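Chemist: Following this line is work.json, made up of JSON, C-alpha atoms:
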[["chain", "number", "residue", "atom", "x", "y", "z"],
["A", 1, "MET", "CA", -13.74, -5.56, 11.96],
["A", 2, "LEU", "CA", -16.87, -4.27, 10.24],
["A", 3, "ARG", "CA", -16.64, -1.08, 12.28],
["A", 4, "ALA", "CA", -13.02, -0.61, 11.24],
["A", 5, "ILE", "CA", -13.91, -0.99, 7.56],
["A", 6, "LYS", "CA", -16.78, 1.51, 7.82],
["A", 7, "GLU", "CA", -15.26, 4.14, 10.08],
["A", 8, "ASP", "CA", -11.48, 3.92, 9.97],
["A", 9, "ASN", "CA", -10.69, 4.66, 6.34],
["A", 10, "ALA", "CA", -7.55, 6.76, 6.79],
["A", 11, "ALA", "CA", -4.25, 4.93, 7.14],
["A", 12, "ALA", "CA", -1.58, 6.54, 9.29],
["A", 13, "THR", "CA", 2.10, 5.91, 9.87],
["A", 14, "ALA", "CA", 3.59, 5.00, 13.24],
["A", 15, "HIS", "CA", 4.01, 8.73, 13.94],
["A", 16, "HIS", "CA", 0.29, 9.42, 13.26],
["A", 17, "VAL", "CA", 0.94, 11.08, 9.90],
["A", 18, "THR", "CA", -1.70, 10.41, 7.24],
["A", 19, "ALA", "CA", -0.26, 7.95, 4.77],
["A", 20, "GLY", "CA", -2.17, 8.98, 1.63],
["A", 21, "ASP", "CA", -4.82, 7.61, -0.73],
["A", 22, "ARG", "CA", -2.91, 4.53, -1.87],
["A", 23, "ALA", "CA", -2.26, 3.49, 1.72],
["A", 24, "ASN", "CA", -5.92, 4.09, 2.61],
["A", 25, "LEU", "CA", -7.03, 1.86, -0.26],
["A", 26, "ALA", "CA", -4.52, -0.84, 0.70],
["A", 27, "LYS", "CA", -5.72, -0.71, 4.31],
["A", 28, "GLN", "CA", -9.36, -1.09, 3.22],
["A", 29, "ARG", "CA", -8.45, -4.04, 0.99],
["A", 30, "VAL", "CA", -6.58, -5.77, 3.80],
["A", 31, "LEU", "CA", -9.46, -5.24, 6.23],
["A", 32, "VAL", "CA", -12.02, -6.63, 3.76],
["A", 33, "ARG", "CA", -9.86, -9.66, 3.03],
["A", 34, "MET", "CA", -9.42, -10.23, 6.75],
["A", 35, "LEU", "CA", -13.20, -9.98, 7.19],
["A", 36, "ALA", "CA", -13.83, -12.49, 4.41],
["A", 37, "CYS", "CA", -11.27, -14.96, 5.75],
["A", 38, "ALA", "CA", -12.51, -14.58, 9.32],
["A", 39, "ALA", "CA", -16.11, -15.14, 8.23],
["A", 40, "ARG", "CA", -15.18, -18.27, 6.28],
["A", 41, "GLN", "CA", -13.17, -19.60, 9.22],
["A", 42, "GLU", "CA", -15.95, -18.87, 11.70],
["A", 43, "VAL", "CA", -18.55, -20.57, 9.54],
["A", 44, "GLY", "CA", -16.18, -23.44, 8.77],
["A", 45, "SER", "CA", -15.69, -24.07, 12.47],
["A", 46, "VAL", "CA", -19.41, -24.50, 13.17],
["A", 47, "ALA", "CA", -20.92, -25.59, 9.85],
["A", 48, "ASP", "CA", -21.20, -29.04, 8.42],
["A", 49, "GLU", "CA", -19.86, -29.88, 4.97],
["A", 50, "ALA", "CA", -23.31, -29.78, 3.36],
["A", 51, "PHE", "CA", -23.81, -26.15, 4.46],
["A", 52, "LEU", "CA", -20.39, -25.07, 3.24],
["A", 53, "ASN", "CA", -20.90, -26.64, -0.18],
["A", 54, "ARG", "CA", -24.56, -25.77, -0.75],
["A", 55, "GLY", "CA", -25.18, -24.35, -4.18],
["A", 56, "THR", "CA", -21.87, -25.70, -5.42],
["A", 57, "ASP", "CA", -21.53, -28.26, -8.16],
["A", 58, "ALA", "CA", -20.35, -31.61, -6.72],
["A", 59, "ASP", "CA", -17.62, -31.81, -9.39],
["A", 60, "ALA", "CA", -16.33, -28.38, -8.39],
["A", 61, "VAL", "CA", -16.12, -29.44, -4.74],
["A", 62, "GLU", "CA", -14.15, -32.51, -5.72],
["A", 63, "MET", "CA", -11.77, -30.46, -7.87],
["A", 64, "THR", "CA", -10.96, -28.10, -4.97],
["A", 65, "SER", "CA", -10.21, -30.87, -2.53],
["A", 66, "THR", "CA", -6.79, -31.43, -1.08],
["A", 67, "GLY", "CA", -6.05, -35.05, -0.41],
["A", 68, "ASN", "CA", -9.27, -36.64, 0.76],
["A", 69, "LYS", "CA", -10.70, -33.60, 2.60],
["A", 70, "PRO", "CA", -12.58, -30.83, 0.80],
["A", 71, "VAL", "CA", -11.29, -27.31, 1.34],
["A", 72, "GLY", "CA", -13.12, -25.43, 4.09],
["A", 73, "ARG", "CA", -14.40, -28.54, 5.81],
["A", 74, "GLY", "CA", -15.26, -27.86, 9.42],
["A", 75, "LYS", "CA", -16.40, -29.92, 12.37],
["A", 76, "LYS", "CA", -19.65, -31.77, 11.87],
["A", 77, "THR", "CA", -21.65, -29.66, 14.30],
["A", 78, "PRO", "CA", -24.98, -28.04, 13.48],
["A", 79, "SER", "CA", -24.51, -24.98, 11.28],
["A", 80, "MET", "CA", -27.06, -23.02, 13.27],
["A", 81, "GLY", "CA", -24.78, -22.08, 16.17],
["A", 82, "ARG", "CA", -25.36, -18.78, 17.99],
["A", 83, "GLU", "CA", -22.03, -17.36, 16.79],
["A", 84, "HIS", "CA", -22.93, -18.19, 13.21],
["A", 85, "GLU", "CA", -26.30, -16.50, 13.61],
["A", 86, "ASN", "CA", -24.74, -13.34, 15.08],
["A", 87, "LEU", "CA", -22.16, -13.28, 12.27],
["A", 88, "SER", "CA", -24.92, -13.74, 9.68],
["A", 89, "ILE", "CA", -26.93, -10.83, 11.08],
["A", 90, "ALA", "CA", -23.90, -8.54, 11.25],
["A", 91, "LEU", "CA", -22.85, -9.41, 7.70],
["A", 92, "LEU", "CA", -26.39, -9.05, 6.37],
["A", 93, "LYS", "CA", -26.53, -5.54, 7.83],
["A", 94, "ALA", "CA", -23.11, -4.54, 6.47],
["A", 95, "LEU", "CA", -22.79, -6.28, 3.09],
["A", 96, "PRO", "CA", -25.17, -4.11, 1.04],
["A", 97, "ASN", "CA", -23.22, -0.96, 1.92],
["A", 98, "LEU", "CA", -19.85, -2.66, 1.50],
["A", 99, "LEU", "CA", -20.84, -3.87, -1.96],
["A", 100, "ILE", "CA", -21.71, -0.30, -2.96],
["A", 101, "GLN", "CA", -18.60, 1.14, -1.32],
["A", 102, "PHE", "CA", -16.20, -1.23, -3.13],
["A", 103, "LYS", "CA", -18.23, -1.74, -6.33],
["A", 104, "GLY", "CA", -15.39, -0.61, -8.60],
["A", 105, "ASP", "CA", -12.59, -2.45, -6.80],
["A", 106, "LEU", "CA", -11.83, -5.70, -8.65],
["A", 107, "ALA", "CA", -9.63, -6.92, -5.80],
["A", 108, "ILE", "CA", -12.31, -6.65, -3.10],
["A", 109, "ILE", "CA", -15.63, -7.37, -4.82],
["A", 110, "PRO", "CA", -14.99, -11.11, -5.38],
["A", 111, "GLU", "CA", -14.33, -11.50, -1.64],
["A", 112, "LEU", "CA", -17.47, -9.59, -0.65],
["A", 113, "ALA", "CA", -19.63, -11.29, -3.29],
["A", 114, "SER", "CA", -18.75, -14.71, -1.91],
["A", 115, "LEU", "CA", -19.88, -13.95, 1.65],
["A", 116, "PRO", "CA", -23.69, -14.27, 1.28],
["A", 117, "ARG", "CA", -23.28, -18.02, 0.72],
["A", 118, "PHE", "CA", -22.06, -18.38, 4.30],
["A", 119, "LEU", "CA", -25.04, -16.67, 5.95],
["A", 120, "ILE", "CA", -27.72, -18.68, 7.73],
["A", 121, "PRO", "CA", -30.89, -18.50, 5.60],
["A", 122, "THR", "CA", -33.17, -18.09, 8.61],
["A", 123, "VAL", "CA", -31.83, -14.57, 9.27],
["A", 124, "TYR", "CA", -33.28, -13.48, 5.91],
["A", 125, "SER", "CA", -36.75, -14.10, 7.37],
["A", 126, "LEU", "CA", -36.29, -11.68, 10.26],
["A", 127, "PRO", "CA", -38.65, -8.71, 9.70],
["A", 128, "GLN", "CA", -36.01, -6.20, 10.81],
["A", 129, "ARG", "CA", -33.57, -7.57, 8.20],
["A", 130, "LYS", "CA", -35.92, -7.43, 5.19],
["A", 131, "GLN", "CA", -34.56, -4.11, 3.88],
["A", 132, "ASP", "CA", -30.96, -5.28, 4.31],
["A", 133, "TYR", "CA", -31.74, -8.50, 2.47],
["A", 134, "MET", "CA", -33.49, -6.74, -0.39],
["A", 135, "SER", "CA", -30.59, -4.31, -0.73],
["A", 136, "LEU", "CA", -28.11, -7.18, -0.69],
["A", 137, "ILE", "CA", -29.78, -9.14, -3.45],
["A", 138, "LYS", "CA", -30.35, -5.99, -5.54],
["A", 139, "ASN", "CA", -26.69, -4.96, -5.21],
["A", 140, "LEU", "CA", -25.48, -8.46, -6.09],
["A", 141, "GLY", "CA", -27.65, -8.39, -9.22],
["A", 142, "GLU", "CA", -26.25, -5.00, -10.25],
["A", 143, "ILE", "CA", -22.69, -6.17, -9.67],
["A", 144, "TYR", "CA", -23.30, -9.28, -11.74],
["A", 145, "LEU", "CA", -24.73, -7.28, -14.62],
["A", 146, "SER", "CA", -21.95, -4.70, -14.61],
["A", 147, "SER", "CA", -19.00, -7.08, -14.30],
["A", 148, "SER", "CA", -16.93, -9.01, -16.81],
["A", 149, "ASP", "CA", -14.41, -10.49, -14.37],
["A", 150, "ASP", "CA", -14.69, -14.29, -14.04],
["A", 151, "ARG", "CA", -14.14, -14.37, -10.26],
["A", 152, "ILE", "CA", -16.75, -11.70, -9.65],
["A", 153, "LEU", "CA", -19.26, -13.37, -11.96],
["A", 154, "ASP", "CA", -18.67, -16.79, -10.37],
["A", 155, "ASN", "CA", -18.88, -15.62, -6.76],
["A", 156, "THR", "CA", -21.86, -13.37, -7.43],
["A", 157, "ALA", "CA", -23.76, -16.08, -9.31],
["A", 158, "ARG", "CA", -23.14, -18.60, -6.53],
["A", 159, "SER", "CA", -24.34, -16.13, -3.93],
["A", 160, "LEU", "CA", -27.46, -15.24, -5.91],
["A", 161, "VAL", "CA", -28.32, -18.91, -6.32],
["A", 162, "SER", "CA", -27.74, -19.61, -2.62],
["A", 163, "LEU", "CA", -30.02, -16.71, -1.69],
["A", 164, "CYS", "CA", -32.79, -18.30, -3.80],
["A", 165, "ASP", "CA", -32.45, -21.68, -2.08],
["A", 166, "GLY", "CA", -33.91, -22.72, 1.22],
["A", 167, "ASP", "CA", -37.18, -22.22, 2.98],
["A", 168, "HIS", "CA", -36.78, -18.68, 4.25],
["A", 169, "ALA", "CA", -39.47, -16.02, 3.87],
["A", 170, "ARG", "CA", -37.63, -14.11, 1.13],
["A", 171, "VAL", "CA", -37.36, -16.89, -1.47],
["A", 172, "ALA", "CA", -40.02, -15.30, -3.70],
["A", 173, "GLU", "CA", -38.27, -11.91, -3.67],
["A", 174, "SER", "CA", -34.93, -13.61, -4.34],
["A", 175, "LYS", "CA", -36.27, -15.48, -7.32],
["A", 176, "ALA", "CA", -37.89, -12.31, -8.68],
["A", 177, "GLN", "CA", -34.56, -10.45, -8.47],
["A", 178, "LEU", "CA", -32.71, -13.36, -10.07],
["A", 179, "ARG", "CA", -35.35, -13.41, -12.82],
["A", 180, "LYS", "CA", -34.66, -9.69, -13.46],
["A", 181, "VAL", "CA", -30.96, -10.43, -13.83],
["A", 182, "VAL", "CA", -31.65, -13.30, -16.25],
["A", 183, "VAL", "CA", -34.06, -11.19, -18.32],
["A", 184, "GLU", "CA", -31.51, -8.38, -18.51],
["A", 185, "LEU", "CA", -28.83, -10.82, -19.65],
["A", 186, "ARG", "CA", -31.20, -12.32, -22.21],
["A", 187, "ASP", "CA", -32.02, -8.87, -23.56],
["A", 188, "ARG", "CA", -28.33, -8.03, -23.88],
["A", 189, "VAL", "CA", -27.68, -11.25, -25.80],
["A", 190, "VAL", "CA", -30.65, -10.65, -28.11],
["A", 191, "GLU", "CA", -29.32, -7.15, -28.89],
["A", 192, "LEU", "CA", -26.03, -8.66, -30.07]]
Kindly return the structure encoded in the file as structure tokens.
Modeler:
Amino acid sequence: MLRAIKEDNAAATAHHVTAGDRANLAKQRVLVRMLACAARQEVGSVADEAFLNRGTDADAVEMTSTGNKPVGRGKKTPSMGREHENLSIALLKALPNLLIQFKGDLAIIPELASLPRFLIPTVYSLPQRKQDYMSLIKNLGEIYLSSSDDRILDNTARSLVSLCDGDHARVAESKAQLRKVVVELRDRVVEL
């Protein structure tokens, strides 16, 4: 699905006629939404409830519950399954570029900004993923600072906080980037 989003950006009709810019945009939006839903489902099938709700206020989890089961609750198996790790690595490689590609699209950015919360923190520590991780956290900070949409702000803030939690090797860099975002926000408020 990631390959389709990156490479196949021209929609075509059944007779292989190019469908136009609006159809291309709609196709990209559908593919990104499918990616986000598939990632949540995959993680939900292998992650425990604590992993799915990390970084989320306990009251917010209770408010989103249906009946007695919280939304997104998966089987109580360890969240460090091989499939989850492979998904985390693939998303960590792709998300920084996807965030840049769809930065101005208010329909897609909330979906993409929510995905870092579902990644396994241990993949951040991989030396070959350091640049991807730094790009991801930098892009999330820029999106947060440039947005005024509540969904984007909420999803981006939750992802930034989740990237600062844990015992992975990039916690210091994450907190430094989050500090930059907070200082920028503080400066903007002081200017008012």
Chemist: Could you please determine the separation between atom CA of Ile152 of chain A and atom CA of Leu106 of chain A in Å, to one decimal place?
Modeler: 7.8 Å
Chemist: Show which residues sit within 7 Å of Leu95 of chain A, as a list in words. Count only C-alpha atoms, and ignore same-chain residues fewer than 4 positions away.
Modeler: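 Contacts, with the query itself left out: Leu91, Leu99 and Leu136 of chain A.
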Chemist: Report as a ChimeraX atom specification all protein, DNA and RNA residues lying within 12 Å of Leu160 of chain A, evaluated on all atoms listed in the file, omitting residues in the same chain fewer than 6 positions from it.
Modeler: /A:55-56,113-118,133-134,136-144,152-154,171,173-182
Chemist: Give the answer as one residue: which of A:Leu119, A:Leu192, A:Leu87, A:Leu185 has the shortest atom-to-atom distance to Ser146 of chain A, using only C-alpha atoms?
Modeler: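 Smallest distance to Ser146 of chain A is found for A:Leu185.
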Chemist: Please identify all polymer residues lying at most 9 Å from the point (-22.6, -13.3, 11.2) (file coordinates), using only C-alpha atoms, and present the result as number ranges by chain.
Modeler: A: 39, 42-43, 83-92, 118-120
Chemist: What is the distance between atom CA of Asn155 of chain A and atom CA of Cys37 of chain A, in Å to one decimal?
Modeler: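 Straight-line distance from atom CA of Asn155 of chain A to atom CA of Cys37 of chain A works out to 14.7 Å.
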Chemist: In terms of the shortest atom-to-atom distance over all atoms listed in the file, which of A:Arg151, A:Arg170, A:Leu98, A:Leu163 is closest to Lys130 of chain A?
Modeler: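 Among the listed residues, A:Arg170 lies closest to Lys130 of chain A.
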Chemist: Could N, CA and C atoms be built for segment 121-145 of chain A and written out as a CSV table (one decimal), in the frame of the given file?
Modeler:
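Done, and the output landed in rebuild.csv:
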chain,number,residue,atom,x,y,z
A,121,PRO,N,-29.7,-19.0,6.3
A,121,PRO,CA,-30.9,-18.5,5.6
A,121,PRO,C,-32.0,-18.0,6.5
A,122,THR,N,-32.1,-18.5,7.7
A,122,THR,CA,-33.2,-18.1,8.6
A,122,THR,C,-33.1,-16.6,9.0
A,123,VAL,N,-31.9,-16.0,8.9
A,123,VAL,CA,-31.8,-14.6,9.3
A,123,VAL,C,-32.5,-13.7,8.2
A,124,TYR,N,-32.6,-14.2,7.0
A,124,TYR,CA,-33.3,-13.5,5.9
A,124,TYR,C,-34.8,-13.3,6.3
A,125,SER,N,-35.3,-14.2,7.0
A,125,SER,CA,-36.8,-14.1,7.4
A,125,SER,C,-37.1,-13.1,8.5
A,126,LEU,N,-36.1,-12.6,9.2
A,126,LEU,CA,-36.3,-11.7,10.3
A,126,LEU,C,-36.9,-10.4,9.7
A,127,PRO,N,-38.0,-9.9,10.2
A,127,PRO,CA,-38.6,-8.7,9.7
A,127,PRO,C,-37.7,-7.5,9.7
A,128,GLN,N,-36.9,-7.3,10.7
A,128,GLN,CA,-36.0,-6.2,10.8
A,128,GLN,C,-34.8,-6.3,9.8
A,129,ARG,N,-34.7,-7.4,9.2
A,129,ARG,CA,-33.6,-7.6,8.2
A,129,ARG,C,-34.1,-7.6,6.7
A,130,LYS,N,-35.4,-7.4,6.5
A,130,LYS,CA,-35.9,-7.4,5.2
A,130,LYS,C,-35.3,-6.4,4.3
A,131,GLN,N,-35.2,-5.2,4.7
A,131,GLN,CA,-34.6,-4.1,3.9
A,131,GLN,C,-33.1,-4.4,3.6
A,132,ASP,N,-32.4,-4.9,4.5
A,132,ASP,CA,-31.0,-5.3,4.3
A,132,ASP,C,-30.9,-6.4,3.3
A,133,TYR,N,-31.8,-7.4,3.4
A,133,TYR,CA,-31.7,-8.5,2.5
A,133,TYR,C,-32.1,-8.1,1.1
A,134,MET,N,-33.1,-7.2,0.9
A,134,MET,CA,-33.5,-6.7,-0.4
A,134,MET,C,-32.4,-5.9,-1.0
A,135,SER,N,-31.7,-5.1,-0.2
A,135,SER,CA,-30.6,-4.3,-0.7
A,135,SER,C,-29.4,-5.2,-1.2
A,136,LEU,N,-29.2,-6.2,-0.4
A,136,LEU,CA,-28.1,-7.2,-0.7
A,136,LEU,C,-28.4,-7.9,-2.0
A,137,ILE,N,-29.5,-8.4,-2.2
A,137,ILE,CA,-29.8,-9.1,-3.4
A,137,ILE,C,-29.8,-8.2,-4.7
A,138,LYS,N,-30.3,-7.0,-4.5
A,138,LYS,CA,-30.4,-6.0,-5.5
A,138,LYS,C,-28.9,-5.6,-5.9
A,139,ASN,N,-28.1,-5.3,-4.9
A,139,ASN,CA,-26.7,-5.0,-5.2
A,139,ASN,C,-25.9,-6.1,-5.9
A,140,LEU,N,-26.2,-7.3,-5.4
A,140,LEU,CA,-25.5,-8.5,-6.1
A,140,LEU,C,-25.9,-8.6,-7.6
A,141,GLY,N,-27.2,-8.4,-7.8
A,141,GLY,CA,-27.6,-8.4,-9.2
A,141,GLY,C,-27.0,-7.3,-10.1
A,142,GLU,N,-26.9,-6.1,-9.5
A,142,GLU,CA,-26.2,-5.0,-10.2
A,142,GLU,C,-24.8,-5.3,-10.5
A,143,ILE,N,-24.1,-5.8,-9.5
A,143,ILE,CA,-22.7,-6.2,-9.7
A,143,ILE,C,-22.5,-7.2,-10.7
A,144,TYR,N,-23.4,-8.2,-10.7
A,144,TYR,CA,-23.3,-9.3,-11.7
A,144,TYR,C,-23.5,-8.7,-13.1
A,145,LEU,N,-24.4,-7.8,-13.3
A,145,LEU,CA,-24.7,-7.3,-14.6
A,145,LEU,C,-23.7,-6.3,-15.1
